[in-house]
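Notes follow once the structure below has been shown.
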Amino acid sequence: PSETSVIKAHPDFRFEYSGKVIYVDVHGIFFHSEYQVDKLYHQDRAEAFTKAGLTYLQFFADEIFEKPEIIKSMVLSRLGLATNKFAARNLDFKAVPFKEAQEFFNKNHLMGYKSSKTLGLYDGDKLVSALSYRSKSKTNVIEVERFCTLLNSSCAGGFGKFLSELKKLNKDISSFCDLRYSNGSSYLATGFIKVRDTLGWQWTEGSHRYNRLQCIASNGLTEKQVADAKGWFKIFDAGQRKYLLKQVLPVSSKVSVASSSSVAAAPIVSSRL
């Protein structure tokens with residue numbers, strides 16, 4: 001298509017529905033490892049599509065084989081084809097029990113469950129959308145760990161409703177987005193600011209990817225030596241972007257606001273999927 005020729009890219013798939021167009025690449029594990037492509041290949045590709053104003057998603061082959069329903073749901077959602085549509089204002093808000101949260105994220109989030117507190121939006125007894133977070137007491141920051149909606153479903157206003165609840169804790173809120181399939185626009189729309197981009201990677205033997213902590217220096221061997229013994233090598237992603245929503249004013253700012261008789265007291269808000 002002419003729109004991709006501008007950035008000299010040839011994605012694997014192009015989907016279009018009702019004026020919406022998205023591009024999708026499915027990367028073979030070995031052929032997109034450090035032995036075949038530069039470590040910035042996926043990051044540069046994502047940036048090129050974003051700068052061109054094009055919606056672009058990247059998946060690895062093991063995700064296609066292991067979590068096809070989640071990927072299908074993500075693609076349909078981007079095209080506005082979610083089968084079930086909910087409005088957050090019509091749903092009940094409550095904490096999600098551990099086992100239910102674990103099952104929900106494993107079935108509906110590409111990265112699965114991560115231990116943390118979970119909030120949910122329910123339609124009766126059905127969990128429709130969930131957000132998990134953990135609080136970093138030393139830095140006075142809440143970090144959003146996971147956020148997703150039921151497969152083949154959309155929840156208008158869901159993230160905003162969760163965010164309103166987290167703000168009550170009066171702490172800064174941080175989160176990360178995976179640049180393989182998100183550009184962070186929803187964060188910017190809700191007052192977050194971009195902090196930094198970090199390039200990530202995982203280990204692979206050529207067909208599956210493994211957490212980088214599954215191969216570390218030990219028994220006098222370096223990380224590289226341990227990896228070589230296993231036959232593992234690196235595969236890089238497109239990067240993770242950190243966003244931050246400032247909630248807590250510095251002490252000096254609080255004093256100046258409180259001491260000004262001409263300014264009415266009011267909460268002030270300035271501004272890792």
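Within each chain, counting starts at residue 1; across the structure tokens, chains are named A, B, ... in the order shown, with ligands numbered 1 upward in that order.
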**Request:** Using only C-alpha atoms, determine which residues lie at most 8 Å from Phe30 of chain A, disregarding the query and same-chain residues fewer than 3 positions distant; provide the list as an MDAnalysis selection string.
**Result:** chainID A and resid 33 35:36 204:207
Could the residues in this selection be written to a file with N, CA and C atoms, as a tab-separated table (two decimals), in the first residue's frame?
chain	number	residue	atom	x	y	z
A	33	SER	N	16.17	-12.84	15.93
A	33	SER	CA	17.08	-12.83	17.09
A	33	SER	C	18.31	-11.98	16.77
A	35	TYR	N	21.16	-12.85	16.08
A	35	TYR	CA	21.98	-13.43	15.03
A	35	TYR	C	21.53	-13.01	13.63
A	36	GLN	N	20.30	-12.46	13.53
A	36	GLN	CA	19.75	-12.16	12.21
A	36	GLN	C	19.44	-10.68	11.99
A	204	THR	N	16.38	-16.84	24.02
A	204	THR	CA	15.68	-17.78	23.16
A	204	THR	C	16.65	-18.87	22.69
A	205	GLU	N	16.09	-20.03	22.39
A	205	GLU	CA	16.88	-21.09	21.76
A	205	GLU	C	16.52	-21.19	20.29
A	206	GLY	N	15.65	-20.27	19.84
A	206	GLY	CA	15.28	-20.22	18.43
A	206	GLY	C	13.83	-20.49	18.15
A	207	SER	N	13.09	-20.99	19.17
A	207	SER	CA	11.67	-21.27	18.95
A	207	SER	C	10.77	-20.71	20.04
**Of the listed residues A:Phe159, A:Tyr181, A:Phe176, A:Phe233, that which approaches Trp203 of chain A most closely, counting only C-alpha atoms** =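 The closest residue to Trp203 of chain A is A:Phe233.
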**Item:** Selected residue of minimal separation from Gly124 of chain A among A:Glu16, A:Asp25, A:Asp92, A:Asp38, counting only C-alpha atoms
**Value:**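 The shortest atom-to-atom distance to Gly124 of chain A comes from A:Asp92.
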**Nearest to Tyr41 of chain A by atom-to-atom distance, counting only C-alpha atoms, from A:Leu244, A:Ala9, A:Leu81, A:Leu54** =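 For Tyr41 of chain A, the nearest of the candidates is A:Ala9.
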**Prompt:** Among segment 13-251 of chain A, which ones does DSSP place in strand (DSSP E), written as a ChimeraX atom specification?
**Reply:** /A:13-17,20-27,55-60,84-87,92-95,117-123,126-136,141-149,153-156,172-178,193-198,201-204,209-210,233-236,240-245
**Message:** Which residue is closest to Leu121 of chain A? Choose from A:Leu91, A:Val144, A:Cys177, A:Ala61 and count only C-alpha atoms.
**Reply:**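 Checking each of A:Leu91, A:Val144, A:Cys177, A:Ala61 against Leu121 of chain A, counting only C-alpha atoms, the winner is A:Leu91.
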**Asked** Mind pulling up the distance from atom CA of Lys242 of chain A to atom CA of Ala48 of chain A?
**Response** 19.4 Å
**Prompt:** So, counting only C-alpha atoms, which residue among A:Leu110, A:Ala46, A:Val37, A:Leu166 is closest to Ser135 of chain A?
**Reply:**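 Under the stated criterion, the closest residue is A:Leu166.
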**Message:** Which residues are close to Pro97 of chain A, i.e. within 10 Å by only C-alpha atoms, leaving aside same-chain residues fewer than 6 positions away? Reply as a list in words.
**Reply:**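 Listing them by chain and then by number gives Lys117, Thr118, Leu119 and Gly120 of chain A.
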Could you write out the selected residues, including all heavy atoms, as a PDB file, in the first residue's frame?
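As written to disk, out.pdb reads:
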ATOM      1  N   LYS A 117      -1.980  -6.375  43.672  1.00  0.00           N
ATOM      2  CA  LYS A 117      -3.372  -6.129  44.023  1.00  0.00           C
ATOM      3  C   LYS A 117      -4.157  -5.887  42.739  1.00  0.00           C
ATOM      4  O   LYS A 117      -3.645  -5.291  41.789  1.00  0.00           O
ATOM      5  CB  LYS A 117      -3.483  -4.920  44.936  1.00  0.00           C
ATOM      6  CG  LYS A 117      -2.812  -5.095  46.291  1.00  0.00           C
ATOM      7  CD  LYS A 117      -2.970  -3.835  47.134  1.00  0.00           C
ATOM      8  CE  LYS A 117      -2.301  -4.008  48.497  1.00  0.00           C
ATOM      9  NZ  LYS A 117      -2.405  -2.783  49.329  1.00  0.00           N
ATOM     10  N   THR A 118      -5.407  -6.322  42.714  1.00  0.00           N
ATOM     11  CA  THR A 118      -6.199  -6.192  41.491  1.00  0.00           C
ATOM     12  C   THR A 118      -7.564  -5.573  41.761  1.00  0.00           C
ATOM     13  O   THR A 118      -8.265  -5.971  42.691  1.00  0.00           O
ATOM     14  CB  THR A 118      -6.400  -7.559  40.803  1.00  0.00           C
ATOM     15  OG1 THR A 118      -5.127  -8.147  40.540  1.00  0.00           O
ATOM     16  CG2 THR A 118      -7.146  -7.406  39.493  1.00  0.00           C
ATOM     17  N   LEU A 119      -7.926  -4.611  40.928  1.00  0.00           N
ATOM     18  CA  LEU A 119      -9.239  -3.980  40.960  1.00  0.00           C
ATOM     19  C   LEU A 119     -10.018  -4.433  39.732  1.00  0.00           C
ATOM     20  O   LEU A 119      -9.424  -4.677  38.674  1.00  0.00           O
ATOM     21  CB  LEU A 119      -9.111  -2.450  40.951  1.00  0.00           C
ATOM     22  CG  LEU A 119      -8.260  -1.826  42.064  1.00  0.00           C
ATOM     23  CD1 LEU A 119      -8.121  -0.320  41.831  1.00  0.00           C
ATOM     24  CD2 LEU A 119      -8.875  -2.099  43.425  1.00  0.00           C
ATOM     25  N   GLY A 120     -11.344  -4.544  39.855  1.00  0.00           N
ATOM     26  CA  GLY A 120     -12.120  -5.033  38.728  1.00  0.00           C
ATOM     27  C   GLY A 120     -13.430  -4.298  38.512  1.00  0.00           C
ATOM     28  O   GLY A 120     -13.976  -3.683  39.428  1.00  0.00           O
TER      29      GLY A 120
END
**Request:** Could you check how far atom CA of Phe15 of chain A sits from atom CA of Ser153 of chain A, in Å to one decimal?
**Result:** 18.7 Å
**Asked** Where does DSSP see alpha helix (DSSP H) in segment 52-120 of chain A, if you list the residues as a ChimeraX atom specification?
**Response** /A:61-66,68-78,98-108
**Message:** When you look at Val128 of chain A with a cut-off of 8 Å (counting only C-alpha atoms), what residues show up, excluding the ones that are within fewer than 2 positions of it in the same chain? I need them as a list in words.
**Reply:**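 Surrounding residues, per the criterion: Gly120, Leu121, Tyr122, Asp123, Lys126, Ala130, Thr149, Leu150, Ser153 and Cys155 of chain A.
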Residues as selected, C-alpha atoms, written as a compact mmCIF listing (two decimals), in the first residue's frame, can you do that?
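Output contents, as saved in selection.txt:
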# COMPACT_ATOMS: atom_id res chain seq x y z
CA GLY A 120 -12.12 -5.03 38.73
CA LEU A 121 -15.22 -3.84 36.92
CA TYR A 122 -18.07 -6.38 37.04
CA ASP A 123 -21.25 -6.91 35.08
CA LYS A 126 -18.79 -11.43 35.31
CA ALA A 130 -9.21 -5.52 35.54
CA THR A 149 -10.52 -6.24 29.21
CA LEU A 150 -12.34 -9.51 28.62
CA SER A 153 -14.88 -6.92 24.55
CA CYS A 155 -15.15 -1.12 28.14
**Request:** Determine, counting only C-alpha atoms, which protein, DNA and RNA residues have an atom within 8 Å of an atom of Ala156 of chain A; residues of the same chain fewer than 3 positions away are not included. Present the result as a ChimeraX atom specification.
**Result:** /A:85-88
**Asked** How many Å separate atom CA of Ala189 of chain A from atom CA of Phe162 of chain A?
**Response**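 Separation between atom CA of Ala189 of chain A and atom CA of Phe162 of chain A: 14.4 Å.
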**Message:** Residues near Lys194 of chain A, anyone? I mean within 9 Å using only C-alpha atoms, not counting same-chain ones fewer than 3 positions away, as a PyMOL selection string.
**Reply:** chain A and resi 184+187-188+197+241-244
